[in-house]
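Colleague: So I've got this file, final.cif, and it contains mmCIF, N, CA and C atoms:
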data_query
loop_
_atom_site.label_atom_id
_atom_site.label_comp_id
_atom_site.auth_asym_id
_atom_site.auth_seq_id
_atom_site.Cartn_x
_atom_site.Cartn_y
_atom_site.Cartn_z
N GLN A 1 64.10 98.46 91.44
CA GLN A 1 65.49 98.52 91.05
C GLN A 1 65.86 97.24 90.32
N VAL A 2 66.83 97.36 89.43
CA VAL A 2 67.38 96.19 88.75
C VAL A 2 68.89 96.21 88.92
N VAL A 3 69.47 95.03 88.87
CA VAL A 3 70.92 94.89 88.92
C VAL A 3 71.41 94.66 87.50
N GLU A 4 72.25 95.55 87.02
CA GLU A 4 72.80 95.43 85.67
C GLU A 4 73.85 94.32 85.63
N LYS A 5 74.23 93.90 84.43
CA LYS A 5 75.27 92.88 84.27
C LYS A 5 76.58 93.30 84.93
N THR A 6 76.80 94.59 85.01
CA THR A 6 78.02 95.12 85.62
C THR A 6 77.97 95.08 87.14
N GLY A 7 76.79 94.77 87.69
CA GLY A 7 76.60 94.78 89.14
C GLY A 7 76.04 96.09 89.66
N ASP A 8 75.95 97.08 88.79
CA ASP A 8 75.38 98.37 89.19
C ASP A 8 73.88 98.23 89.40
N ILE A 9 73.36 98.95 90.39
CA ILE A 9 71.93 98.97 90.67
C ILE A 9 71.33 100.21 90.04
N ARG A 10 70.25 100.01 89.31
CA ARG A 10 69.61 101.12 88.61
C ARG A 10 68.13 101.16 88.97
N ASP A 11 67.62 102.36 89.23
CA ASP A 11 66.19 102.54 89.47
C ASP A 11 65.44 102.42 88.15
N VAL A 12 64.28 101.79 88.20
CA VAL A 12 63.44 101.62 87.01
C VAL A 12 62.07 102.18 87.31
N GLU A 13 61.56 102.99 86.41
CA GLU A 13 60.19 103.49 86.53
C GLU A 13 59.32 102.76 85.53
N TYR A 14 58.13 102.38 85.97
CA TYR A 14 57.19 101.69 85.11
C TYR A 14 56.02 102.62 84.81
N ALA A 15 55.35 102.35 83.72
CA ALA A 15 54.13 103.11 83.42
C ALA A 15 53.13 102.85 84.54
N PRO A 16 52.27 103.80 84.82
CA PRO A 16 51.30 103.60 85.92
C PRO A 16 50.27 102.53 85.57
N ALA A 17 49.86 101.81 86.59
CA ALA A 17 48.77 100.84 86.44
C ALA A 17 47.45 101.61 86.48
N LEU A 18 46.44 101.03 85.90
CA LEU A 18 45.09 101.62 85.91
C LEU A 18 44.28 100.88 86.97
N LYS A 19 43.75 101.64 87.94
CA LYS A 19 42.95 101.02 89.00
C LYS A 19 41.58 101.69 89.05
N VAL A 20 40.55 100.85 89.11
CA VAL A 20 39.18 101.30 89.26
C VAL A 20 38.60 100.54 90.45
N SER A 21 37.89 101.25 91.31
CA SER A 21 37.34 100.61 92.50
C SER A 21 35.90 101.05 92.71
N LYS A 22 35.10 100.15 93.23
CA LYS A 22 33.70 100.47 93.54
C LYS A 22 33.33 99.79 94.85
N ARG A 23 32.67 100.53 95.71
CA ARG A 23 32.25 100.07 97.03
C ARG A 23 33.42 99.46 97.82
N PRO A 24 34.47 100.25 98.08
CA PRO A 24 35.65 99.71 98.77
C PRO A 24 35.38 99.24 100.19
N ASP A 25 34.27 99.65 100.80
CA ASP A 25 33.96 99.23 102.17
C ASP A 25 32.90 98.14 102.23
N ALA A 26 32.58 97.54 101.11
CA ALA A 26 31.57 96.47 101.08
C ALA A 26 32.06 95.26 101.87
N PRO A 27 31.14 94.46 102.42
CA PRO A 27 31.56 93.30 103.21
C PRO A 27 32.30 92.22 102.41
N VAL A 28 32.02 92.12 101.13
CA VAL A 28 32.70 91.15 100.27
C VAL A 28 33.48 91.94 99.22
N ARG A 29 34.77 91.63 99.09
CA ARG A 29 35.63 92.34 98.14
C ARG A 29 36.17 91.37 97.10
N ILE A 30 36.12 91.81 95.85
CA ILE A 30 36.64 91.03 94.73
C ILE A 30 37.73 91.86 94.06
N VAL A 31 38.80 91.21 93.64
CA VAL A 31 39.84 91.87 92.86
C VAL A 31 39.89 91.20 91.50
N LEU A 32 39.85 92.00 90.47
CA LEU A 32 40.00 91.52 89.09
C LEU A 32 41.26 92.16 88.53
N THR A 33 42.09 91.35 87.89
CA THR A 33 43.32 91.90 87.33
C THR A 33 43.48 91.52 85.88
N GLY A 34 44.20 92.34 85.19
CA GLY A 34 44.54 92.10 83.80
C GLY A 34 45.78 92.90 83.46
N HIS A 35 46.11 92.91 82.21
CA HIS A 35 47.30 93.66 81.80
C HIS A 35 47.09 94.39 80.49
N MET A 36 47.88 95.42 80.33
CA MET A 36 47.91 96.15 79.06
C MET A 36 48.76 95.30 78.12
N ASP A 37 48.29 95.13 76.92
CA ASP A 37 48.98 94.24 76.00
C ASP A 37 50.21 94.86 75.38
N THR A 38 51.09 94.03 75.08
CA THR A 38 52.22 94.12 74.17
C THR A 38 53.38 94.98 74.63
N VAL A 39 54.53 94.43 74.44
CA VAL A 39 55.77 95.12 74.75
C VAL A 39 56.48 95.52 73.46
N PHE A 40 55.77 95.42 72.35
CA PHE A 40 56.36 95.74 71.07
C PHE A 40 56.28 97.24 70.80
N PRO A 41 57.27 97.80 70.13
CA PRO A 41 57.24 99.24 69.82
C PRO A 41 56.06 99.60 68.93
N SER A 42 55.64 100.85 69.01
CA SER A 42 54.46 101.29 68.25
C SER A 42 54.65 101.14 66.75
N GLU A 43 55.88 101.16 66.26
CA GLU A 43 56.11 101.03 64.82
C GLU A 43 56.20 99.57 64.36
N SER A 44 56.07 98.64 65.29
CA SER A 44 56.15 97.22 64.97
C SER A 44 54.92 96.77 64.19
N GLY A 45 55.11 95.81 63.31
CA GLY A 45 53.99 95.23 62.58
C GLY A 45 53.04 94.48 63.49
N PHE A 46 53.49 94.16 64.70
CA PHE A 46 52.65 93.46 65.66
C PHE A 46 51.53 94.35 66.19
N GLN A 47 51.54 95.61 65.84
CA GLN A 47 50.50 96.54 66.26
C GLN A 47 49.34 96.60 65.27
N ASP A 48 49.50 96.00 64.10
CA ASP A 48 48.48 96.11 63.05
C ASP A 48 47.22 95.34 63.42
N TRP A 49 46.09 95.90 63.07
CA TRP A 49 44.81 95.26 63.32
C TRP A 49 43.87 95.57 62.16
N ALA A 50 42.80 94.84 62.05
CA ALA A 50 41.83 95.06 60.97
C ALA A 50 40.44 94.73 61.47
N LEU A 51 39.47 95.50 61.02
CA LEU A 51 38.07 95.22 61.29
C LEU A 51 37.57 94.41 60.10
N TRP A 52 37.37 93.11 60.30
CA TRP A 52 36.97 92.23 59.20
C TRP A 52 35.54 92.49 58.76
N ASP A 53 34.69 92.75 59.72
CA ASP A 53 33.32 93.17 59.44
C ASP A 53 32.85 93.93 60.68
N GLU A 54 31.58 94.32 60.74
CA GLU A 54 31.14 95.17 61.85
C GLU A 54 31.19 94.48 63.22
N ASP A 55 31.38 93.16 63.24
CA ASP A 55 31.42 92.42 64.50
C ASP A 55 32.74 91.72 64.77
N THR A 56 33.72 91.83 63.87
CA THR A 56 34.93 91.02 63.99
C THR A 56 36.19 91.88 63.87
N LEU A 57 36.93 91.92 64.98
CA LEU A 57 38.21 92.62 65.02
C LEU A 57 39.31 91.56 65.00
N ASN A 58 40.32 91.76 64.15
CA ASN A 58 41.44 90.84 64.07
C ASN A 58 42.72 91.61 64.34
N GLY A 59 43.54 91.07 65.22
CA GLY A 59 44.83 91.70 65.50
C GLY A 59 45.46 91.10 66.73
N PRO A 60 46.67 91.54 67.07
CA PRO A 60 47.37 90.99 68.22
C PRO A 60 46.64 91.28 69.53
N GLY A 61 46.47 90.25 70.31
CA GLY A 61 45.88 90.42 71.63
C GLY A 61 44.37 90.50 71.68
N VAL A 62 43.67 90.45 70.55
CA VAL A 62 42.22 90.63 70.61
C VAL A 62 41.53 89.47 71.32
N ALA A 63 42.14 88.30 71.33
CA ALA A 63 41.57 87.17 72.07
C ALA A 63 42.29 86.97 73.39
N ASP A 64 43.27 87.77 73.66
CA ASP A 64 44.05 87.69 74.89
C ASP A 64 43.43 88.68 75.87
N MET A 65 44.16 89.64 76.30
CA MET A 65 43.66 90.53 77.35
C MET A 65 42.57 91.46 76.85
N LYS A 66 42.60 91.87 75.59
CA LYS A 66 41.51 92.73 75.12
C LYS A 66 40.18 92.01 75.25
N GLY A 67 40.16 90.74 74.87
CA GLY A 67 38.96 89.94 75.05
C GLY A 67 38.64 89.74 76.52
N GLY A 68 39.68 89.53 77.32
CA GLY A 68 39.49 89.36 78.76
C GLY A 68 38.92 90.61 79.42
N LEU A 69 39.35 91.78 78.95
CA LEU A 69 38.81 93.03 79.50
C LEU A 69 37.32 93.17 79.18
N LEU A 70 36.92 92.74 78.00
CA LEU A 70 35.49 92.79 77.66
C LEU A 70 34.68 91.81 78.52
N VAL A 71 35.23 90.63 78.76
CA VAL A 71 34.56 89.67 79.64
C VAL A 71 34.44 90.26 81.04
N MET A 72 35.53 90.88 81.53
CA MET A 72 35.52 91.50 82.85
C MET A 72 34.47 92.60 82.92
N LEU A 73 34.42 93.46 81.93
CA LEU A 73 33.45 94.55 81.91
C LEU A 73 32.02 94.01 81.98
N HIS A 74 31.72 93.02 81.18
CA HIS A 74 30.34 92.51 81.15
C HIS A 74 30.00 91.73 82.42
N ALA A 75 30.99 91.08 83.03
CA ALA A 75 30.74 90.43 84.33
C ALA A 75 30.39 91.49 85.38
N LEU A 76 31.11 92.61 85.37
CA LEU A 76 30.83 93.68 86.34
C LEU A 76 29.49 94.35 86.04
N LEU A 77 29.15 94.51 84.78
CA LEU A 77 27.83 95.06 84.44
C LEU A 77 26.73 94.12 84.95
N GLY A 78 26.94 92.81 84.82
CA GLY A 78 25.98 91.85 85.35
C GLY A 78 25.89 91.92 86.87
N LEU A 79 27.03 92.05 87.53
CA LEU A 79 27.03 92.20 88.99
C LEU A 79 26.25 93.44 89.40
N GLU A 80 26.44 94.53 88.71
CA GLU A 80 25.76 95.79 89.05
C GLU A 80 24.24 95.66 88.90
N ARG A 81 23.75 94.75 88.08
CA ARG A 81 22.31 94.54 87.92
C ARG A 81 21.76 93.52 88.91
N SER A 82 22.64 92.88 89.66
CA SER A 82 22.20 91.80 90.56
C SER A 82 21.71 92.35 91.89
N PRO A 83 20.92 91.57 92.62
CA PRO A 83 20.45 92.01 93.94
C PRO A 83 21.57 92.05 94.98
N TRP A 84 22.73 91.47 94.70
CA TRP A 84 23.85 91.43 95.65
C TRP A 84 24.84 92.57 95.44
N ALA A 85 24.63 93.39 94.46
CA ALA A 85 25.60 94.43 94.10
C ALA A 85 26.00 95.30 95.29
N GLY A 86 25.06 95.69 96.12
CA GLY A 86 25.36 96.58 97.24
C GLY A 86 26.26 95.98 98.29
N ARG A 87 26.36 94.65 98.33
CA ARG A 87 27.19 93.97 99.33
C ARG A 87 28.57 93.58 98.79
N ILE A 88 28.77 93.76 97.49
CA ILE A 88 30.02 93.32 96.87
C ILE A 88 30.76 94.53 96.31
N GLY A 89 31.98 94.72 96.79
CA GLY A 89 32.85 95.76 96.25
C GLY A 89 33.92 95.12 95.39
N TYR A 90 34.48 95.90 94.51
CA TYR A 90 35.52 95.34 93.68
C TYR A 90 36.56 96.38 93.32
N ALA A 91 37.73 95.87 93.01
CA ALA A 91 38.82 96.68 92.47
C ALA A 91 39.30 95.98 91.21
N VAL A 92 39.57 96.76 90.20
CA VAL A 92 40.12 96.25 88.96
C VAL A 92 41.48 96.90 88.78
N LEU A 93 42.51 96.10 88.60
CA LEU A 93 43.86 96.63 88.36
C LEU A 93 44.35 96.11 87.03
N ILE A 94 44.65 97.03 86.13
CA ILE A 94 45.22 96.68 84.83
C ILE A 94 46.67 97.12 84.87
N SER A 95 47.56 96.15 84.85
CA SER A 95 48.99 96.45 85.02
C SER A 95 49.68 96.62 83.67
N PRO A 96 50.69 97.50 83.65
CA PRO A 96 51.41 97.77 82.41
C PRO A 96 52.63 96.87 82.20
N ASP A 97 52.94 96.02 83.18
CA ASP A 97 54.22 95.31 83.14
C ASP A 97 54.11 93.80 83.31
N GLU A 98 52.95 93.23 83.04
CA GLU A 98 52.74 91.79 83.22
C GLU A 98 53.69 91.00 82.33
N GLU A 99 53.92 91.46 81.13
CA GLU A 99 54.73 90.70 80.18
C GLU A 99 56.21 90.71 80.55
N ILE A 100 56.61 91.54 81.50
CA ILE A 100 58.01 91.58 81.92
C ILE A 100 58.17 91.25 83.40
N GLY A 101 57.17 90.59 83.99
CA GLY A 101 57.31 90.09 85.34
C GLY A 101 56.59 90.84 86.43
N SER A 102 55.81 91.86 86.12
CA SER A 102 55.02 92.62 87.11
C SER A 102 55.86 93.21 88.24
N LEU A 103 57.07 93.61 87.92
CA LEU A 103 57.96 94.14 88.97
C LEU A 103 57.43 95.45 89.55
N GLY A 104 56.83 96.29 88.74
CA GLY A 104 56.29 97.55 89.24
C GLY A 104 54.90 97.40 89.85
N SER A 105 54.06 96.58 89.24
CA SER A 105 52.68 96.45 89.72
C SER A 105 52.51 95.35 90.76
N GLY A 106 53.49 94.49 90.93
CA GLY A 106 53.40 93.39 91.88
C GLY A 106 53.00 93.81 93.28
N PRO A 107 53.63 94.85 93.86
CA PRO A 107 53.22 95.29 95.19
C PRO A 107 51.77 95.78 95.25
N LYS A 108 51.30 96.43 94.19
CA LYS A 108 49.89 96.88 94.15
C LYS A 108 48.95 95.68 94.10
N LEU A 109 49.32 94.67 93.31
CA LEU A 109 48.50 93.46 93.23
C LEU A 109 48.43 92.77 94.59
N ALA A 110 49.57 92.67 95.27
CA ALA A 110 49.61 92.02 96.58
C ALA A 110 48.76 92.78 97.60
N GLU A 111 48.82 94.10 97.57
CA GLU A 111 48.03 94.92 98.49
C GLU A 111 46.53 94.70 98.28
N LEU A 112 46.11 94.70 97.04
CA LEU A 112 44.69 94.47 96.74
C LEU A 112 44.28 93.06 97.16
N ALA A 113 45.14 92.08 96.92
CA ALA A 113 44.82 90.69 97.25
C ALA A 113 44.62 90.49 98.75
N ARG A 114 45.40 91.18 99.57
CA ARG A 114 45.28 91.04 101.02
C ARG A 114 43.91 91.46 101.53
N ARG A 115 43.23 92.35 100.81
CA ARG A 115 41.95 92.87 101.27
C ARG A 115 40.76 92.22 100.57
N ALA A 116 41.02 91.19 99.77
CA ALA A 116 39.94 90.60 98.95
C ALA A 116 39.59 89.19 99.39
N ALA A 117 38.31 88.85 99.22
CA ALA A 117 37.86 87.49 99.47
C ALA A 117 38.10 86.63 98.23
N VAL A 118 38.05 87.25 97.06
CA VAL A 118 38.18 86.54 95.79
C VAL A 118 39.07 87.36 94.87
N GLY A 119 39.95 86.69 94.16
CA GLY A 119 40.78 87.35 93.15
C GLY A 119 40.67 86.58 91.85
N MET A 120 40.52 87.30 90.74
CA MET A 120 40.42 86.66 89.43
C MET A 120 41.31 87.42 88.46
N THR A 121 42.05 86.66 87.67
CA THR A 121 42.94 87.27 86.68
C THR A 121 42.56 86.75 85.31
#
Represent the supplied structure as structure tokens.

Modeller:
Amino acid sequence: QVVEKTGDIRDVEYAPALKVSKRPDAPVRIVLTGHMDTVFPSESGFQDWALWDEDTLNGPGVADMKGGLLVMLHALLGLERSPWAGRIGYAVLISPDEEIGSLGSGPKLAELARRAAVGMT
């Protein structure tokens, strides 16, 4: 809920967060979090991107969370190849509202954090 300038209380719905989990009952739990980029409308020029060559993407957020998501993916792929993979479980939460204060995803983040030994954002 939010309180309007008039003092009225209004319910707010947020886009759903994306959660992926593996080995939820493992003895060691890791939580990885990130966010969906940009609060700009789809027609905004801030949505423009370009492929400069076959290895280089240029655009808003490519070095921010998009890059962070790739780092997260490859870290998890490395974990899955490790001898410790069977003892380590993880949850990944990608929130849709980080740029506006995580009001909708905050409770989900807190719940995951309570059950984790390690959290990385």

Colleague: Looking at A:Ala17, A:Val2, A:Val12, A:Val71, which one is nearest to Asp97 in chain A, with distances taken over all atoms listed in the file?

Modeller: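 Selected residue with least distance to Asp97 in chain A: A:Ala17.
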
Colleague: With all atoms listed in the file as the counted atoms, please give the residues lying no more than 6 Å from range 114-118 of chain A, apart from itself and same-chain residues fewer than 2 positions off, as a PyMOL selection string.

Modeller: chain A and resi 28-31+110-112+120

Colleague: Create the file for the chosen residues now, containing N, CA and C atoms and written as a tab-separated table (two decimals), in the coordinates of the input.

Modeller:
chain	number	residue	atom	x	y	z
A	28	VAL	N	32.02	92.12	101.13
A	28	VAL	CA	32.70	91.15	100.27
A	28	VAL	C	33.48	91.94	99.22
A	29	ARG	N	34.77	91.63	99.09
A	29	ARG	CA	35.63	92.34	98.14
A	29	ARG	C	36.17	91.37	97.10
A	30	ILE	N	36.12	91.81	95.85
A	30	ILE	CA	36.64	91.03	94.73
A	30	ILE	C	37.73	91.86	94.06
A	31	VAL	N	38.80	91.21	93.64
A	31	VAL	CA	39.84	91.87	92.86
A	31	VAL	C	39.89	91.20	91.50
A	110	ALA	N	49.57	92.67	95.27
A	110	ALA	CA	49.61	92.02	96.58
A	110	ALA	C	48.76	92.78	97.60
A	111	GLU	N	48.82	94.10	97.57
A	111	GLU	CA	48.03	94.92	98.49
A	111	GLU	C	46.53	94.70	98.28
A	112	LEU	N	46.11	94.70	97.04
A	112	LEU	CA	44.69	94.47	96.74
A	112	LEU	C	44.28	93.06	97.16
A	120	MET	N	40.52	87.30	90.74
A	120	MET	CA	40.42	86.66	89.43
A	120	MET	C	41.31	87.42	88.46

Colleague: Check the DSSP output for the backbone and give back, as a VMD selection string, the residues of chain A in strand (DSSP E).

Modeller: chain A and resid 2 to 3 9 to 10 18 to 22 28 to 35 50 to 53 56 to 58 88 to 95 118 to 120

Colleague: Identify, on the basis of only N, CA and C atoms, every residue whose closest approach to range 60-64 of chain A does not exceed 7 Å; exclude the query and any residue fewer than 6 positions from it along the same chain; express the result as a list of chain:residue names.

Modeller: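 That gives A:Asp37, A:Phe46, A:Gln47, A:Asp48, A:Trp49.
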
Colleague: Can you list, as an MDAnalysis selection string, the residues that the PyMOL selection byres ((chain A and resi 34) around 6.5) selects here?

Modeller: chainID A and resid 32:33 35:36 92:95 121

Colleague: Have a look at A:Lys22, A:Gly106, A:Gly119, A:Ser44 and name the one nearest to Tyr90 in chain A; count only N, CA and C atoms.

Modeller: A:Lys22

Colleague: Taking only N, CA and C atoms into account, name the residue in A:Pro27, A:Gly104, A:Gly45, A:Gly7 that is nearest to Ile88 in chain A.

Modeller: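 Looking only at the distances to Ile88 in chain A, the closest residue turns out to be A:Pro27.
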
Colleague: Taking into account only N, CA and C atoms, which residue in the set A:Glu80, A:Gln1, A:Asp55, A:Met65 is nearest to Leu103 in chain A?

Modeller: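 Smallest distance to Leu103 in chain A is found for A:Gln1.
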
Colleague: Run DSSP on the backbone of this structure and report the residues of range 18-109 of chain A it assigns to helix (DSSP H, G or I), as a ChimeraX atom specification.

Modeller: /A:45-47,65-81,85-87,98-100,106-109

Colleague: Residues as selected, N, CA and C atoms, written as a PDB file, in the coordinates of the input, can you do that?

Modeller:
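Ended up saving to out.pdb:
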ATOM      1  N   GLY A  45      55.110  95.810  63.310  1.00  0.00           N
ATOM      2  CA  GLY A  45      53.990  95.230  62.580  1.00  0.00           C
ATOM      3  C   GLY A  45      53.040  94.480  63.490  1.00  0.00           C
ATOM      4  N   PHE A  46      53.490  94.160  64.700  1.00  0.00           N
ATOM      5  CA  PHE A  46      52.650  93.460  65.660  1.00  0.00           C
ATOM      6  C   PHE A  46      51.530  94.350  66.190  1.00  0.00           C
ATOM      7  N   GLN A  47      51.540  95.610  65.840  1.00  0.00           N
ATOM      8  CA  GLN A  47      50.500  96.540  66.260  1.00  0.00           C
ATOM      9  C   GLN A  47      49.340  96.600  65.270  1.00  0.00           C
ATOM     10  N   MET A  65      44.160  89.640  76.300  1.00  0.00           N
ATOM     11  CA  MET A  65      43.660  90.530  77.350  1.00  0.00           C
ATOM     12  C   MET A  65      42.570  91.460  76.850  1.00  0.00           C
ATOM     13  N   LYS A  66      42.600  91.870  75.590  1.00  0.00           N
ATOM     14  CA  LYS A  66      41.510  92.730  75.120  1.00  0.00           C
ATOM     15  C   LYS A  66      40.180  92.010  75.250  1.00  0.00           C
ATOM     16  N   GLY A  67      40.160  90.740  74.870  1.00  0.00           N
ATOM     17  CA  GLY A  67      38.960  89.940  75.050  1.00  0.00           C
ATOM     18  C   GLY A  67      38.640  89.740  76.520  1.00  0.00           C
ATOM     19  N   GLY A  68      39.680  89.530  77.320  1.00  0.00           N
ATOM     20  CA  GLY A  68      39.490  89.360  78.760  1.00  0.00           C
ATOM     21  C   GLY A  68      38.920  90.610  79.420  1.00  0.00           C
ATOM     22  N   LEU A  69      39.350  91.780  78.950  1.00  0.00           N
ATOM     23  CA  LEU A  69      38.810  93.030  79.500  1.00  0.00           C
ATOM     24  C   LEU A  69      37.320  93.170  79.180  1.00  0.00           C
ATOM     25  N   LEU A  70      36.920  92.740  78.000  1.00  0.00           N
ATOM     26  CA  LEU A  70      35.490  92.790  77.660  1.00  0.00           C
ATOM     27  C   LEU A  70      34.680  91.810  78.520  1.00  0.00           C
ATOM     28  N   VAL A  71      35.230  90.630  78.760  1.00  0.00           N
ATOM     29  CA  VAL A  71      34.560  89.670  79.640  1.00  0.00           C
ATOM     30  C   VAL A  71      34.440  90.260  81.040  1.00  0.00           C
ATOM     31  N   MET A  72      35.530  90.880  81.530  1.00  0.00           N
ATOM     32  CA  MET A  72      35.520  91.500  82.850  1.00  0.00           C
ATOM     33  C   MET A  72      34.470  92.600  82.920  1.00  0.00           C
ATOM     34  N   LEU A  73      34.420  93.460  81.930  1.00  0.00           N
ATOM     35  CA  LEU A  73      33.450  94.550  81.910  1.00  0.00           C
ATOM     36  C   LEU A  73      32.020  94.010  81.980  1.00  0.00           C
ATOM     37  N   HIS A  74      31.720  93.020  81.180  1.00  0.00           N
ATOM     38  CA  HIS A  74      30.340  92.510  81.150  1.00  0.00           C
ATOM     39  C   HIS A  74      30.000  91.730  82.420  1.00  0.00           C
ATOM     40  N   ALA A  75      30.990  91.080  83.030  1.00  0.00           N
ATOM     41  CA  ALA A  75      30.740  90.430  84.330  1.00  0.00           C
ATOM     42  C   ALA A  75      30.390  91.490  85.380  1.00  0.00           C
ATOM     43  N   LEU A  76      31.110  92.610  85.370  1.00  0.00           N
ATOM     44  CA  LEU A  76      30.830  93.680  86.340  1.00  0.00           C
ATOM     45  C   LEU A  76      29.490  94.350  86.040  1.00  0.00           C
ATOM     46  N   LEU A  77      29.150  94.510  84.780  1.00  0.00           N
ATOM     47  CA  LEU A  77      27.830  95.060  84.440  1.00  0.00           C
ATOM     48  C   LEU A  77      26.730  94.120  84.950  1.00  0.00           C
ATOM     49  N   GLY A  78      26.940  92.810  84.820  1.00  0.00           N
ATOM     50  CA  GLY A  78      25.980  91.850  85.350  1.00  0.00           C
ATOM     51  C   GLY A  78      25.890  91.920  86.870  1.00  0.00           C
ATOM     52  N   LEU A  79      27.030  92.050  87.530  1.00  0.00           N
ATOM     53  CA  LEU A  79      27.030  92.200  88.990  1.00  0.00           C
ATOM     54  C   LEU A  79      26.250  93.440  89.400  1.00  0.00           C
ATOM     55  N   GLU A  80      26.440  94.530  88.710  1.00  0.00           N
ATOM     56  CA  GLU A  80      25.760  95.790  89.050  1.00  0.00           C
ATOM     57  C   GLU A  80      24.240  95.660  88.900  1.00  0.00           C
ATOM     58  N   ARG A  81      23.750  94.750  88.080  1.00  0.00           N
ATOM     59  CA  ARG A  81      22.310  94.540  87.920  1.00  0.00           C
ATOM     60  C   ARG A  81      21.760  93.520  88.910  1.00  0.00           C
ATOM     61  N   ALA A  85      24.630  93.390  94.460  1.00  0.00           N
ATOM     62  CA  ALA A  85      25.600  94.430  94.100  1.00  0.00           C
ATOM     63  C   ALA A  85      26.000  95.300  95.290  1.00  0.00           C
ATOM     64  N   GLY A  86      25.060  95.690  96.120  1.00  0.00           N
ATOM     65  CA  GLY A  86      25.360  96.580  97.240  1.00  0.00           C
ATOM     66  C   GLY A  86      26.260  95.980  98.290  1.00  0.00           C
ATOM     67  N   ARG A  87      26.360  94.650  98.330  1.00  0.00           N
ATOM     68  CA  ARG A  87      27.190  93.970  99.330  1.00  0.00           C
ATOM     69  C   ARG A  87      28.570  93.580  98.790  1.00  0.00           C
ATOM     70  N   GLU A  98      52.950  93.230  83.040  1.00  0.00           N
ATOM     71  CA  GLU A  98      52.740  91.790  83.220  1.00  0.00           C
ATOM     72  C   GLU A  98      53.690  91.000  82.330  1.00  0.00           C
ATOM     73  N   GLU A  99      53.920  91.460  81.130  1.00  0.00           N
ATOM     74  CA  GLU A  99      54.730  90.700  80.180  1.00  0.00           C
ATOM     75  C   GLU A  99      56.210  90.710  80.550  1.00  0.00           C
ATOM     76  N   ILE A 100      56.610  91.540  81.500  1.00  0.00           N
ATOM     77  CA  ILE A 100      58.010  91.580  81.920  1.00  0.00           C
ATOM     78  C   ILE A 100      58.170  91.250  83.400  1.00  0.00           C
ATOM     79  N   GLY A 106      53.490  94.490  90.930  1.00  0.00           N
ATOM     80  CA  GLY A 106      53.400  93.390  91.880  1.00  0.00           C
ATOM     81  C   GLY A 106      53.000  93.810  93.280  1.00  0.00           C
ATOM     82  N   PRO A 107      53.630  94.850  93.860  1.00  0.00           N
ATOM     83  CA  PRO A 107      53.220  95.290  95.190  1.00  0.00           C
ATOM     84  C   PRO A 107      51.770  95.780  95.250  1.00  0.00           C
ATOM     85  N   LYS A 108      51.300  96.430  94.190  1.00  0.00           N
ATOM     86  CA  LYS A 108      49.890  96.880  94.150  1.00  0.00           C
ATOM     87  C   LYS A 108      48.950  95.680  94.100  1.00  0.00           C
ATOM     88  N   LEU A 109      49.320  94.670  93.310  1.00  0.00           N
ATOM     89  CA  LEU A 109      48.500  93.460  93.230  1.00  0.00           C
ATOM     90  C   LEU A 109      48.430  92.770  94.590  1.00  0.00           C
TER      91      LEU A 109
END

Colleague: Measure the distance from CA of Ala75 in chain A to CA of Gly89 in chain A in Å and round it to one decimal.

Modeller: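 Between CA of Ala75 in chain A and CA of Gly89 in chain A the gap is 13.2 Å.
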
Colleague: For the atom pair CA of Leu69 in chain A and CA of Glu43 in chain A, what is the interatomic distance in Å to one decimal place?

Modeller: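 Going from CA of Leu69 in chain A over to CA of Glu43 in chain A covers 24.1 Å.
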